[in-house]
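Participant: Attaching a single structure in structure tokens format; questions to follow.
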Amino acid sequence: MCFLAISLIFALTLISAQAKAQSVDIEINQQVYRIELATTAEQRRQGLMHRPELGPDRGMLLVYQRSGNHRVWMKNMQIAIRVYWIDENFRVIATQRLEPCDRTPCPIFQTDSASRYILELSDREHAIKPGDRVDGLSGL
């Protein structure tokens, strides 16, 4: 009974966090992506954890107040993703394909340059490379 109550609370929390997420369209190299915004520390911590799938042109943008050494990990991830670090000028500065983590501790991934955003997209080839501009982020 206790396990069922905990599972229900977890599910409701996950649904609530997803329902509150705002979405925007961004464009990179003439390709439009529908992106959930993670603007709070809690939303960034939750990220795409426990998601069984992600549409081909869908993803999440982790938005930070300032540029810095922002990192990600793949704890509790069910799917592989493509990750793009973006600077304050809306330029992609690094990319990486990441697999779900099934061990403890999970590795942490970062870039050598300061980023302001981290874009997480579905695990497929996207025509995105360092130096590309991301349109639709101004005002975030």
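Chains: A, B, ... in order of the structure tokens. Residues: from 1 per chain. Ligands: from 1, in order shown.
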Run DSSP on the backbone and tell me which residues of segment 59-137 of chain A come out as strand (DSSP E or B); list them as a PyMOL selection string.
Facilitator: chain A and resi 59-68+72-73+75+81-86+91-98+101+108-109+115-122+133-135
Participant: Which parts of chain A does DSSP call alpha helix (DSSP H) when run on the backbone here, written out as a ChimeraX atom specification?
Facilitator: /A:2-20,41-46
Participant: Would you kindly return, as a list in words, each protein, DNA or RNA residue with an atom no farther than 8 Å from any atom of Leu121 of chain A, considering only C-alpha atoms and excluding same-chain residues fewer than 3 positions away?
Facilitator: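 With the cut-off at 8 Å, the set is Leu54, Pro56, Asp57, Arg58, Gly59, Met60, Ile81, Arg82 and Val83 of chain A.
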Participant: What does the file look like for those residues with N, CA and C atoms, as a PDB file, in the first residue's frame?
Facilitator:
```pdb
ATOM      1  N   LEU A  54      10.516  10.481 -27.368  1.00  0.00           N
ATOM      2  CA  LEU A  54      10.578  11.902 -27.684  1.00  0.00           C
ATOM      3  C   LEU A  54      10.412  12.022 -29.187  1.00  0.00           C
ATOM      4  N   PRO A  56      10.468  13.254 -33.132  1.00  0.00           N
ATOM      5  CA  PRO A  56      11.668  13.553 -33.917  1.00  0.00           C
ATOM      6  C   PRO A  56      12.089  15.017 -33.902  1.00  0.00           C
ATOM      7  N   ASP A  57      11.151  15.936 -33.787  1.00  0.00           N
ATOM      8  CA  ASP A  57      11.482  17.363 -33.771  1.00  0.00           C
ATOM      9  C   ASP A  57      11.045  18.001 -32.460  1.00  0.00           C
ATOM     10  N   ARG A  58      11.171  17.239 -31.390  1.00  0.00           N
ATOM     11  CA  ARG A  58      10.773  17.683 -30.055  1.00  0.00           C
ATOM     12  C   ARG A  58      11.991  17.650 -29.148  1.00  0.00           C
ATOM     13  N   GLY A  59      11.904  18.437 -28.074  1.00  0.00           N
ATOM     14  CA  GLY A  59      12.999  18.436 -27.129  1.00  0.00           C
ATOM     15  C   GLY A  59      12.733  19.333 -25.954  1.00  0.00           C
ATOM     16  N   MET A  60      13.784  19.592 -25.206  1.00  0.00           N
ATOM     17  CA  MET A  60      13.710  20.447 -24.031  1.00  0.00           C
ATOM     18  C   MET A  60      14.906  21.387 -24.039  1.00  0.00           C
ATOM     19  N   ILE A  81      19.674  10.710 -26.224  1.00  0.00           N
ATOM     20  CA  ILE A  81      19.344  12.040 -26.753  1.00  0.00           C
ATOM     21  C   ILE A  81      20.577  12.674 -27.389  1.00  0.00           C
ATOM     22  N   ARG A  82      20.337  13.744 -28.130  1.00  0.00           N
ATOM     23  CA  ARG A  82      21.405  14.590 -28.650  1.00  0.00           C
ATOM     24  C   ARG A  82      21.369  15.878 -27.830  1.00  0.00           C
ATOM     25  N   VAL A  83      22.528  16.313 -27.369  1.00  0.00           N
ATOM     26  CA  VAL A  83      22.619  17.492 -26.509  1.00  0.00           C
ATOM     27  C   VAL A  83      23.456  18.554 -27.209  1.00  0.00           C
TER      28      VAL A  83
END
```
Participant: May I have a table of the residues of segment 89-139 of chain A lying at most 10 Å from segment 63-80 of chain A, giving each one's closest pair of atoms and their distance in Å to one decimal, counting only C-alpha atoms, ordered by chain and ascending residue number, as a Markdown table?
Facilitator:
```
| residue | atom | partner | partner_atom | distance |
| --- | --- | --- | --- | --- |
| A:Arg97 | CA | A:Ala80 | CA | 7.3 |
| A:Leu98 | CA | A:Ala80 | CA | 5.6 |
| A:Glu99 | CA | A:Ala80 | CA | 4.4 |
| A:Pro100 | CA | A:Met77 | CA | 5.0 |
| A:Cys101 | CA | A:Met74 | CA | 5.2 |
| A:Asp102 | CA | A:Lys75 | CA | 7.4 |
| A:Arg103 | CA | A:Lys75 | CA | 8.5 |
| A:Thr104 | CA | A:Lys75 | CA | 8.7 |
| A:Pro105 | CA | A:Lys75 | CA | 8.6 |
| A:Cys106 | CA | A:Lys75 | CA | 6.1 |
| A:Pro107 | CA | A:Trp73 | CA | 6.2 |
| A:Ile108 | CA | A:Trp73 | CA | 4.8 |
| A:Phe109 | CA | A:Val72 | CA | 5.3 |
| A:Gln110 | CA | A:Arg71 | CA | 4.7 |
| A:Thr111 | CA | A:Asn69 | CA | 7.2 |
| A:Asp112 | CA | A:Asn69 | CA | 7.6 |
| A:Ser113 | CA | A:Asn69 | CA | 7.2 |
| A:Ala114 | CA | A:Gly68 | CA | 4.6 |
| A:Ser115 | CA | A:Ser67 | CA | 5.0 |
| A:Arg116 | CA | A:Ser67 | CA | 4.2 |
| A:Tyr117 | CA | A:Val63 | CA | 4.9 |
| A:Ile118 | CA | A:Val63 | CA | 6.9 |
| A:Leu119 | CA | A:Val63 | CA | 8.8 |
| A:Glu120 | CA | A:Val72 | CA | 9.8 |
| A:Leu121 | CA | A:Ala80 | CA | 9.2 |
| A:Ser122 | CA | A:Ala80 | CA | 7.4 |
| A:Asp123 | CA | A:Ala80 | CA | 5.7 |
| A:Arg124 | CA | A:Ala80 | CA | 9.2 |
| A:Leu137 | CA | A:Val63 | CA | 9.6 |
```
Participant: Which one is closest to Pro130 of chain A: A:Gln96, A:Arg51, A:Glu42, A:Arg91? Count only C-alpha atoms.
Facilitator: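 Selected residue with least distance to Pro130 of chain A: A:Arg91.
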Participant: List the spatial neighbours of Gly136 of chain A as a PyMOL selection string - criterion: any atom at most 10 Å away, only C-alpha atoms, same-chain residues fewer than 4 positions off excluded.
Facilitator: chain A and resi 24-28+32+90+140
